[in-house]
>>> print(open('protein_12.pdb').read())   # PDB, C-alpha atoms and all ligand atoms
MODEL        1
ATOM      1  CA  MET A   1      37.401  -0.121  14.870
ATOM      2  CA  THR A   2      37.989   2.576  17.508
ATOM      3  CA  LEU A   3      35.376   4.844  19.072
ATOM      4  CA  GLN A   4      36.757   7.785  17.104
ATOM      5  CA  GLU A   5      36.688   5.915  13.814
ATOM      6  CA  LEU A   6      33.160   4.731  14.417
ATOM      7  CA  LEU A   7      31.962   8.241  15.281
ATOM      8  CA  GLN A   8      33.660   9.598  12.166
ATOM      9  CA  TYR A   9      31.951   6.915  10.103
ATOM     10  CA  GLY A  10      28.585   7.947  11.558
ATOM     11  CA  LYS A  11      29.170  11.645  10.895
ATOM     12  CA  ASN A  12      30.253  11.039   7.296
ATOM     13  CA  GLN A  13      27.332   8.779   6.537
ATOM     14  CA  LEU A  14      24.762  11.199   7.947
ATOM     15  CA  GLN A  15      26.377  14.185   6.262
ATOM     16  CA  GLU A  16      26.308  12.423   2.901
ATOM     17  CA  ALA A  17      22.615  11.729   3.402
ATOM     18  CA  ASP A  18      22.003  15.431   4.145
ATOM     19  CA  ILE A  19      20.756  14.777   7.644
ATOM     20  CA  LEU A  20      20.484  18.042   9.547
ATOM     21  CA  GLU A  21      22.597  18.072  12.709
ATOM     22  CA  SER A  22      24.524  15.062  11.442
ATOM     23  CA  GLU A  23      27.353  15.539  13.961
ATOM     24  CA  ILE A  24      25.062  15.713  16.961
ATOM     25  CA  ASP A  25      23.006  12.732  15.837
ATOM     26  CA  ALA A  26      26.119  10.633  15.140
ATOM     27  CA  TRP A  27      27.262  11.406  18.684
ATOM     28  CA  TYR A  28      23.884  10.710  20.327
ATOM     29  CA  LEU A  29      23.708   7.338  18.618
ATOM     30  CA  LEU A  30      27.216   6.476  19.827
ATOM     31  CA  GLU A  31      26.258   7.524  23.340
ATOM     32  CA  TYR A  32      23.131   5.388  23.071
ATOM     33  CA  ILE A  33      24.862   2.260  21.777
ATOM     34  CA  ILE A  34      28.109   2.355  23.769
ATOM     35  CA  ASN A  35      26.626   4.010  26.835
ATOM     36  CA  ILE A  36      29.475   6.488  27.287
ATOM     37  CA  ASP A  37      29.550  10.176  28.101
ATOM     38  CA  ARG A  38      31.557  12.891  26.393
ATOM     39  CA  ALA A  39      34.356  12.882  28.971
ATOM     40  CA  HIS A  40      34.844   9.131  28.678
ATOM     41  CA  TYR A  41      34.995   9.444  24.899
ATOM     42  CA  LEU A  42      37.516  12.277  24.968
ATOM     43  CA  LEU A  43      39.784  10.311  27.303
ATOM     44  CA  ASN A  44      39.530   7.070  25.299
ATOM     45  CA  PRO A  45      39.013   7.908  21.608
ATOM     46  CA  ASN A  46      41.178   4.968  20.552
ATOM     47  CA  LYS A  47      39.364   2.376  22.611
ATOM     48  CA  LYS A  48      38.318  -0.599  20.501
ATOM     49  CA  VAL A  49      34.600  -1.046  19.933
ATOM     50  CA  GLU A  50      33.104  -4.501  20.384
ATOM     51  CA  GLU A  51      31.965  -6.098  17.152
ATOM     52  CA  GLU A  52      28.359  -6.360  18.276
ATOM     53  CA  GLN A  53      28.242  -2.670  19.181
ATOM     54  CA  ARG A  54      29.825  -1.696  15.862
ATOM     55  CA  ILE A  55      27.147  -3.606  13.975
ATOM     56  CA  HIS A  56      24.396  -2.113  16.129
ATOM     57  CA  TYR A  57      25.742   1.441  15.669
ATOM     58  CA  MET A  58      26.039   1.040  11.909
ATOM     59  CA  ASP A  59      22.478  -0.223  11.780
ATOM     60  CA  CYS A  60      21.259   2.818  13.732
ATOM     61  CA  ILE A  61      23.141   5.097  11.343
ATOM     62  CA  ARG A  62      21.557   3.297   8.403
ATOM     63  CA  ARG A  63      18.120   3.946   9.882
ATOM     64  CA  ARG A  64      18.867   7.589  10.658
ATOM     65  CA  LYS A  65      20.084   8.014   7.038
ATOM     66  CA  ILE A  66      16.618   7.204   5.736
ATOM     67  CA  HIS A  67      15.295   9.984   7.995
ATOM     68  CA  ILE A  68      13.876   7.904  10.810
ATOM     69  CA  PRO A  69      13.832  10.425  13.677
ATOM     70  CA  LEU A  70      16.602   9.955  16.226
ATOM     71  CA  GLN A  71      14.028   9.537  18.999
ATOM     72  CA  TYR A  72      12.358   6.569  17.295
ATOM     73  CA  ILE A  73      15.776   4.911  17.072
ATOM     74  CA  THR A  74      16.797   5.525  20.678
ATOM     75  CA  GLY A  75      13.182   5.183  21.874
ATOM     76  CA  VAL A  76      13.275   8.219  24.174
ATOM     77  CA  GLN A  77      12.467  11.916  24.209
ATOM     78  CA  GLU A  78      12.844  14.120  27.228
ATOM     79  CA  PHE A  79       9.860  16.301  28.095
ATOM     80  CA  MET A  80       9.512  18.517  31.186
ATOM     81  CA  GLY A  81      12.748  16.937  32.412
ATOM     82  CA  LEU A  82      11.355  13.395  32.228
ATOM     83  CA  PRO A  83      12.325  10.568  29.853
ATOM     84  CA  PHE A  84       9.338   9.500  27.731
ATOM     85  CA  HIS A  85       9.369   6.281  25.779
ATOM     86  CA  VAL A  86       8.370   6.926  22.150
ATOM     87  CA  ASN A  87       7.785   4.836  19.033
ATOM     88  CA  GLU A  88       6.148   5.306  15.663
ATOM     89  CA  SER A  89       2.655   5.135  17.108
ATOM     90  CA  VAL A  90       3.055   8.418  19.009
ATOM     91  CA  LEU A  91       4.080  11.943  18.191
ATOM     92  CA  ILE A  92       7.513  12.819  19.563
ATOM     93  CA  PRO A  93       6.890  15.299  22.419
ATOM     94  CA  ARG A  94       7.931  18.833  21.407
ATOM     95  CA  GLN A  95       9.589  21.362  23.638
ATOM     96  CA  ASP A  96       6.923  23.929  22.685
ATOM     97  CA  THR A  97       4.317  21.735  24.358
ATOM     98  CA  GLU A  98       5.997  22.375  27.710
ATOM     99  CA  ILE A  99       4.373  25.848  27.559
ATOM    100  CA  LEU A 100       0.993  24.142  27.602
ATOM    101  CA  VAL A 101       1.878  22.110  30.702
ATOM    102  CA  GLU A 102       3.342  25.164  32.436
ATOM    103  CA  THR A 103       0.183  27.151  31.683
ATOM    104  CA  VAL A 104      -2.067  24.461  33.165
ATOM    105  CA  ILE A 105      -0.074  23.903  36.400
ATOM    106  CA  PRO A 106      -1.252  27.004  38.346
ATOM    107  CA  TYR A 107      -4.902  26.218  37.544
ATOM    108  CA  VAL A 108      -4.824  22.791  39.174
ATOM    109  CA  LYS A 109      -6.195  22.649  42.712
ATOM    110  CA  ASP A 110      -6.552  19.807  45.189
ATOM    111  CA  ASP A 111      -9.065  17.077  44.263
ATOM    112  CA  MET A 112      -9.468  18.269  40.692
ATOM    113  CA  SER A 113      -9.803  15.963  37.711
ATOM    114  CA  VAL A 114      -7.855  16.513  34.504
ATOM    115  CA  LEU A 115      -8.568  15.068  31.057
ATOM    116  CA  ASP A 116      -5.838  15.012  28.393
ATOM    117  CA  MET A 117      -7.550  14.681  25.005
ATOM    118  CA  CYS A 118      -5.345  13.095  22.272
ATOM    119  CA  THR A 119      -2.805  12.020  24.863
ATOM    120  CA  GLY A 120      -0.372  10.246  22.479
ATOM    121  CA  SER A 121       2.727   9.334  24.502
ATOM    122  CA  GLY A 122       0.925  10.727  27.559
ATOM    123  CA  CYS A 123       3.594  13.393  27.942
ATOM    124  CA  ILE A 124       1.221  16.227  28.893
ATOM    125  CA  LEU A 125      -0.830  14.340  31.490
ATOM    126  CA  ILE A 126       2.051  12.382  32.992
ATOM    127  CA  SER A 127       4.425  15.346  33.314
ATOM    128  CA  LEU A 128       1.624  17.412  34.834
ATOM    129  CA  LEU A 129       0.829  14.731  37.430
ATOM    130  CA  HIS A 130       4.511  14.121  38.099
ATOM    131  CA  HIS A 131       5.170  17.801  38.671
ATOM    132  CA  LEU A 132       2.179  18.240  40.976
ATOM    133  CA  LYS A 133       3.077  15.152  42.990
ATOM    134  CA  GLU A 134       6.641  16.377  43.516
ATOM    135  CA  LYS A 135       5.748  19.957  44.366
ATOM    136  CA  THR A 136       2.418  19.640  46.183
ATOM    137  CA  ASP A 137       0.317  17.282  48.263
ATOM    138  CA  MET A 138      -2.611  17.568  45.910
ATOM    139  CA  LYS A 139      -4.675  14.563  44.916
ATOM    140  CA  ILE A 140      -5.403  14.807  41.215
ATOM    141  CA  GLN A 141      -7.424  12.425  39.124
ATOM    142  CA  GLY A 142      -5.872  12.179  35.673
ATOM    143  CA  THR A 143      -7.317  10.628  32.512
ATOM    144  CA  GLY A 144      -5.763  10.357  29.066
ATOM    145  CA  VAL A 145      -7.830   9.787  25.915
ATOM    146  CA  ASP A 146      -6.665   8.661  22.505
ATOM    147  CA  ILE A 147      -8.234   6.964  19.504
ATOM    148  CA  SER A 148      -5.149   4.803  18.957
ATOM    149  CA  ASN A 149      -4.695   1.680  21.033
ATOM    150  CA  ASP A 150      -0.985   1.574  20.174
ATOM    151  CA  ALA A 151      -0.566   5.134  21.422
ATOM    152  CA  LEU A 152      -2.368   4.228  24.659
ATOM    153  CA  MET A 153      -0.082   1.244  25.229
ATOM    154  CA  THR A 154       2.847   3.641  24.987
ATOM    155  CA  ALA A 155       1.168   6.146  27.305
ATOM    156  CA  LYS A 156       0.470   3.378  29.851
ATOM    157  CA  ARG A 157       4.074   2.255  29.713
ATOM    158  CA  ASN A 158       5.195   5.842  30.358
ATOM    159  CA  ALA A 159       2.735   6.273  33.214
ATOM    160  CA  GLU A 160       4.000   3.103  34.846
ATOM    161  CA  LYS A 161       7.651   3.952  34.433
ATOM    162  CA  LEU A 162       7.215   7.520  35.655
ATOM    163  CA  LYS A 163       4.878   6.419  38.461
ATOM    164  CA  ALA A 164       1.968   8.585  37.404
ATOM    165  CA  ASP A 165      -1.335   7.465  38.814
ATOM    166  CA  CYS A 166      -3.806   7.905  35.956
ATOM    167  CA  GLN A 167      -6.203   6.039  33.721
ATOM    168  CA  PHE A 168      -6.590   5.860  29.961
ATOM    169  CA  ILE A 169      -9.628   5.568  27.713
ATOM    170  CA  GLN A 170      -9.592   4.530  24.069
ATOM    171  CA  SER A 171     -12.089   6.823  22.432
ATOM    172  CA  ASP A 172     -12.739   8.885  19.322
ATOM    173  CA  LEU A 173     -12.638  12.265  21.094
ATOM    174  CA  PHE A 174     -15.411  12.262  23.746
ATOM    175  CA  ASP A 175     -17.356   9.239  22.379
ATOM    176  CA  LYS A 176     -16.454   6.943  25.303
ATOM    177  CA  VAL A 177     -15.902   9.624  27.935
ATOM    178  CA  GLY A 178     -18.565   9.360  30.610
ATOM    179  CA  GLU A 179     -17.544  11.835  33.281
ATOM    180  CA  LYS A 180     -17.045  15.553  33.772
ATOM    181  CA  TYR A 181     -13.680  17.114  34.484
ATOM    182  CA  ASP A 182     -12.362  20.324  36.023
ATOM    183  CA  ILE A 183      -9.697  20.745  33.370
ATOM    184  CA  ILE A 184      -9.448  19.567  29.790
ATOM    185  CA  VAL A 185      -6.103  19.940  28.081
ATOM    186  CA  SER A 186      -5.317  19.020  24.495
ATOM    187  CA  ASN A 187      -2.624  19.190  21.870
ATOM    188  CA  PRO A 188      -4.720  17.908  18.979
ATOM    189  CA  PRO A 189      -3.532  17.347  15.405
ATOM    190  CA  TYR A 190      -3.537  20.858  13.936
ATOM    191  CA  ILE A 191      -1.470  20.962  10.778
ATOM    192  CA  PRO A 192      -3.492  21.830   7.648
ATOM    193  CA  THR A 193      -3.410  18.892   5.222
ATOM    194  CA  LYS A 194      -1.581  20.894   2.546
ATOM    195  CA  VAL A 195       1.139  21.962   4.986
ATOM    196  CA  VAL A 196       1.719  18.346   6.080
ATOM    197  CA  GLU A 197       3.137  17.784   2.587
ATOM    198  CA  GLU A 198       5.832  20.395   3.231
ATOM    199  CA  LEU A 199       7.035  18.990   6.553
ATOM    200  CA  MET A 200      10.508  17.524   6.845
ATOM    201  CA  PRO A 201      10.710  13.810   5.927
ATOM    202  CA  GLU A 202      11.369  12.843   9.561
ATOM    203  CA  VAL A 203       7.905  14.128  10.460
ATOM    204  CA  LYS A 204       5.980  13.472   7.265
ATOM    205  CA  LYS A 205       7.171   9.919   6.690
ATOM    206  CA  PHE A 206       7.578   8.593  10.203
ATOM    207  CA  GLU A 207       5.408  10.408  12.744
ATOM    208  CA  PRO A 208       1.794   9.201  12.892
ATOM    209  CA  MET A 209      -0.274  11.129  10.381
ATOM    210  CA  ILE A 210      -3.378  10.908  12.593
ATOM    211  CA  ALA A 211      -1.433  12.869  15.236
ATOM    212  CA  LEU A 212      -0.553  15.642  12.786
ATOM    213  CA  ASP A 213      -3.267  16.223  10.212
ATOM    214  CA  GLY A 214      -5.882  18.764  11.290
ATOM    215  CA  ASP A 215      -7.786  18.578   8.002
ATOM    216  CA  GLU A 216      -8.119  21.287   5.373
ATOM    217  CA  ASP A 217      -7.887  24.325   7.656
ATOM    218  CA  GLY A 218      -6.091  22.614  10.550
ATOM    219  CA  LEU A 219      -9.033  23.453  12.819
ATOM    220  CA  PHE A 220     -11.046  20.238  12.571
ATOM    221  CA  PHE A 221     -10.231  18.981  16.083
ATOM    222  CA  TYR A 222     -10.519  22.405  17.752
ATOM    223  CA  LYS A 223     -14.038  22.754  16.352
ATOM    224  CA  LYS A 224     -15.051  19.304  17.599
ATOM    225  CA  ILE A 225     -13.365  19.565  20.988
ATOM    226  CA  VAL A 226     -14.630  23.111  21.649
ATOM    227  CA  SER A 227     -18.221  22.233  20.811
ATOM    228  CA  GLN A 228     -18.238  19.015  22.873
ATOM    229  CA  SER A 229     -16.015  20.005  25.782
ATOM    230  CA  GLN A 230     -18.639  22.097  27.530
ATOM    231  CA  TYR A 231     -20.612  18.899  28.252
ATOM    232  CA  TYR A 232     -17.529  17.313  29.802
ATOM    233  CA  LEU A 233     -16.421  20.234  31.958
ATOM    234  CA  ARG A 234     -17.709  20.953  35.440
ATOM    235  CA  GLY A 235     -18.938  24.490  36.189
ATOM    236  CA  GLN A 236     -16.048  26.981  36.118
ATOM    237  CA  GLY A 237     -13.930  24.349  34.372
ATOM    238  CA  SER A 238     -11.127  25.313  32.014
ATOM    239  CA  LEU A 239     -10.070  24.226  28.536
ATOM    240  CA  PHE A 240      -6.449  24.503  27.383
ATOM    241  CA  PHE A 241      -5.172  23.979  23.849
ATOM    242  CA  GLU A 242      -1.844  23.967  22.162
ATOM    243  CA  ILE A 243      -2.249  25.708  18.794
ATOM    244  CA  GLY A 244      -0.279  26.409  15.642
ATOM    245  CA  HIS A 245       1.362  29.860  15.529
ATOM    246  CA  ASP A 246      -1.358  31.310  13.254
ATOM    247  CA  GLN A 247      -4.396  29.744  14.928
ATOM    248  CA  GLY A 248      -4.698  31.991  18.007
ATOM    249  CA  ASP A 249      -7.504  34.187  16.655
ATOM    250  CA  ALA A 250      -9.461  31.340  15.066
ATOM    251  CA  VAL A 251      -9.382  29.126  18.170
ATOM    252  CA  SER A 252     -10.163  32.051  20.513
ATOM    253  CA  MET A 253     -13.159  32.850  18.323
ATOM    254  CA  LEU A 254     -14.388  29.254  18.395
ATOM    255  CA  MET A 255     -14.162  29.255  22.194
ATOM    256  CA  GLU A 256     -15.911  32.592  22.506
ATOM    257  CA  GLN A 257     -18.767  31.457  20.272
ATOM    258  CA  ALA A 258     -19.164  28.314  22.405
ATOM    259  CA  GLY A 259     -19.546  30.429  25.558
ATOM    260  CA  TYR A 260     -16.041  30.326  26.989
ATOM    261  CA  PHE A 261     -14.810  33.452  28.764
ATOM    262  CA  GLN A 262     -11.491  34.765  30.155
ATOM    263  CA  ILE A 263      -9.936  33.572  26.914
ATOM    264  CA  ARG A 264      -6.165  34.055  26.779
ATOM    265  CA  VAL A 265      -3.567  33.435  24.091
ATOM    266  CA  ILE A 266      -0.093  32.613  25.427
ATOM    267  CA  LYS A 267       3.118  32.843  23.429
ATOM    268  CA  ASP A 268       6.005  30.392  23.291
ATOM    269  CA  LEU A 269       9.678  31.222  23.803
ATOM    270  CA  ALA A 270       9.982  32.248  20.141
ATOM    271  CA  GLY A 271       7.220  34.839  20.698
ATOM    272  CA  LEU A 272       4.655  32.891  18.660
ATOM    273  CA  ASP A 273       1.093  32.158  19.773
ATOM    274  CA  ARG A 274       1.189  28.670  21.276
ATOM    275  CA  VAL A 275      -1.587  28.167  23.831
ATOM    276  CA  VAL A 276      -5.239  29.253  24.040
ATOM    277  CA  CYS A 277      -7.270  28.777  27.191
ATOM    278  CA  GLY A 278     -10.605  29.790  28.617
ATOM    279  CA  LYS A 279     -13.235  29.051  31.241
ATOM    280  CA  ILE A 280     -16.796  27.830  31.008
ATOM    281  CA  GLU A 281     -19.695  29.085  33.204
TER     282      GLU A 281
HETATM  283  N1  LIG A 301      -0.421  14.900  23.541
HETATM  284  C1  LIG A 301       0.675  14.413  22.777
HETATM  285  C2  LIG A 301       1.750  15.481  22.641
HETATM  286  O1  LIG A 301       1.499  16.610  22.911
HETATM  287  C3  LIG A 301       0.219  13.935  21.386
HETATM  288  C4  LIG A 301      -0.391  15.005  20.562
HETATM  289  C5  LIG A 301      -0.941  14.496  19.255
HETATM  290  O2  LIG A 301      -0.934  13.282  19.009
HETATM  291  N2  LIG A 301      -1.424  15.390  18.456
HETATM  292  O3  LIG A 301       2.865  15.224  22.268
ENDMDL
END
>>> encode(input="protein_12.pdb", output="structure tokens", more="lines below")
Ligand code: GLN
Amino acid sequence: MTLQELLQYGKNQLQEADILESEIDAWYLLEYIINIDRAHYLLNPNKKVEEEQRIHYMDCIRRRKIHIPLQYITGVQEFMGLPFHVNESVLIPRQDTEILVETVIPYVKDDMSVLDMCTGSGCILISLLHHLKEKTDMKIQGTGVDISNDALMTAKRNAEKLKADCQFIQSDLFDKVGEKYDIIVSNPPYIPTKVVEELMPEVKKFEPMIALDGDEDGLFFYKKIVSQSQYYLRGQGSLFFEIGHDQGDAVSMLMEQAGYFQIRVIKDLAGLDRVVCGKIE
């Protein structure tokens, strides 16, 4: 089979299975298996594919057809320009979450400590530390927390690979957290249980439900984190959340009631509310 024939096979199979972006996914999987770029493909469309690679590609297509997200097949998702290893124990980092990282960056000063609550793949903490290390001389102490040991193994692997100097704690929210921090950042599960049902199969069937489901009103984790965070923040410390597009008012209110001030809601590139942050006394 040639490269072109194999790619065509992939496209047809994914199209038949009603996979959105079937053409792009068929190409990405070819790129992943054969390790070629677009130019190489265009110059050699009739190059014969090795039998082993053909079998591997067809197996990837078979998995994509049953809606396994592309990133769980290739094992990577780029976030803040860095390659993060992902698997079914962590949420796939979303581009929208980059807004959260970009909002936190200017608040970080030398010698500060940062806690990433519900760290998952570690994408928020690790990209933040990576960025600060590249752009500044600051010494930052970073900690990631997650309830899932499998998620933490993935986060540790990412930290090692991306040379981020941080530590991880397995804990149900703040249960095992013993210190105070200057900054707490979190992208907690925030999808209302009923809405989870309506998500695309890629998300609903394959991404970890504990990373998505925010209980009946989607606010379960905001309520818990807001009420506990004040005991884990140093004076003048800041709390940053990613939120769902319709949760800006509710989360701002929760923070206000808990004594936070300078509360801001920041929009994403689509103009939707995406981040809420505030300071504690
Ligand atoms: N912090 C991770 C992310 O933003 C995981 C979030 C989660 O599991 N809810 O991708």
>>> atom_distance(input="protein_12.pdb", atom1="atom CA of Val90 of chain A", atom2="atom CA of Asp172 of chain A")
15.8 Å
>>> residues_near_ligand(input="protein_12.pdb", ligand="ligand LIG 301 (chain A)", cutoff="7 Å", atoms="all atoms listed in the file", output="JSON, numbers by chain")
{"A": [90, 91, 92, 93, 94, 97, 118, 119, 120, 121, 122, 123, 124, 186, 187, 188, 189, 211, 212]}
>>> resolve_selection(input="protein_12.pdb", expression="the PyMOL selection byres (((chain A and resi 185) around 10) and not hetatm)", output="PyMOL selection string")
chain A and resi 100-101+104+114-119+124-125+144+183-184+186-188+238-242+277
>>> atom_distance(input="protein_12.pdb", atom1="atom CA of Ile169 of chain A", atom2="atom CA of Thr143 of chain A")
7.3 Å
>>> resolve_selection(input="protein_12.pdb", expression="the PyMOL selection byres (((chain A and resi 75-77) around 12) and not hetatm)", output="PDB file with C-alpha atoms, in the coordinates of the input")
ATOM      1  CA  TYR A  28      23.884  10.710  20.327  1.00  0.00           C
ATOM      2  CA  LEU A  29      23.708   7.338  18.618  1.00  0.00           C
ATOM      3  CA  TYR A  32      23.131   5.388  23.071  1.00  0.00           C
ATOM      4  CA  CYS A  60      21.259   2.818  13.732  1.00  0.00           C
ATOM      5  CA  ILE A  68      13.876   7.904  10.810  1.00  0.00           C
ATOM      6  CA  PRO A  69      13.832  10.425  13.677  1.00  0.00           C
ATOM      7  CA  LEU A  70      16.602   9.955  16.226  1.00  0.00           C
ATOM      8  CA  GLN A  71      14.028   9.537  18.999  1.00  0.00           C
ATOM      9  CA  TYR A  72      12.358   6.569  17.295  1.00  0.00           C
ATOM     10  CA  ILE A  73      15.776   4.911  17.072  1.00  0.00           C
ATOM     11  CA  THR A  74      16.797   5.525  20.678  1.00  0.00           C
ATOM     12  CA  GLU A  78      12.844  14.120  27.228  1.00  0.00           C
ATOM     13  CA  PHE A  79       9.860  16.301  28.095  1.00  0.00           C
ATOM     14  CA  MET A  80       9.512  18.517  31.186  1.00  0.00           C
ATOM     15  CA  GLY A  81      12.748  16.937  32.412  1.00  0.00           C
ATOM     16  CA  LEU A  82      11.355  13.395  32.228  1.00  0.00           C
ATOM     17  CA  PRO A  83      12.325  10.568  29.853  1.00  0.00           C
ATOM     18  CA  PHE A  84       9.338   9.500  27.731  1.00  0.00           C
ATOM     19  CA  HIS A  85       9.369   6.281  25.779  1.00  0.00           C
ATOM     20  CA  VAL A  86       8.370   6.926  22.150  1.00  0.00           C
ATOM     21  CA  ASN A  87       7.785   4.836  19.033  1.00  0.00           C
ATOM     22  CA  GLU A  88       6.148   5.306  15.663  1.00  0.00           C
ATOM     23  CA  SER A  89       2.655   5.135  17.108  1.00  0.00           C
ATOM     24  CA  VAL A  90       3.055   8.418  19.009  1.00  0.00           C
ATOM     25  CA  LEU A  91       4.080  11.943  18.191  1.00  0.00           C
ATOM     26  CA  ILE A  92       7.513  12.819  19.563  1.00  0.00           C
ATOM     27  CA  PRO A  93       6.890  15.299  22.419  1.00  0.00           C
ATOM     28  CA  ARG A  94       7.931  18.833  21.407  1.00  0.00           C
ATOM     29  CA  GLN A  95       9.589  21.362  23.638  1.00  0.00           C
ATOM     30  CA  SER A 121       2.727   9.334  24.502  1.00  0.00           C
ATOM     31  CA  CYS A 123       3.594  13.393  27.942  1.00  0.00           C
ATOM     32  CA  THR A 154       2.847   3.641  24.987  1.00  0.00           C
ATOM     33  CA  ASN A 158       5.195   5.842  30.358  1.00  0.00           C
TER      34      ASN A 158
END
>>> decode(input="protein_12.pdb", residues="segment 20-33 of chain A", atoms="C-alpha atoms", output="PDB file, in the first residue's frame")
ATOM      1  CA  LEU A  20     -15.657  15.329  12.817  1.00  0.00           C
ATOM      2  CA  GLU A  21     -12.512  16.591  11.091  1.00  0.00           C
ATOM      3  CA  SER A  22     -11.966  13.152   9.588  1.00  0.00           C
ATOM      4  CA  GLU A  23      -9.456  14.437   7.013  1.00  0.00           C
ATOM      5  CA  ILE A  24      -7.295  16.212   9.555  1.00  0.00           C
ATOM      6  CA  ASP A  25      -7.339  13.282  11.961  1.00  0.00           C
ATOM      7  CA  ALA A  26      -6.481  10.785   9.203  1.00  0.00           C
ATOM      8  CA  TRP A  27      -3.497  12.980   8.339  1.00  0.00           C
ATOM      9  CA  TYR A  28      -2.340  13.476  11.946  1.00  0.00           C
ATOM     10  CA  LEU A  29      -2.395   9.736  12.516  1.00  0.00           C
ATOM     11  CA  LEU A  30      -0.333   9.165   9.366  1.00  0.00           C
ATOM     12  CA  GLU A  31       2.132  11.808  10.507  1.00  0.00           C
ATOM     13  CA  TYR A  32       2.281  10.128  13.909  1.00  0.00           C
ATOM     14  CA  ILE A  33       2.821   6.594  12.616  1.00  0.00           C
TER      15      ILE A  33
END
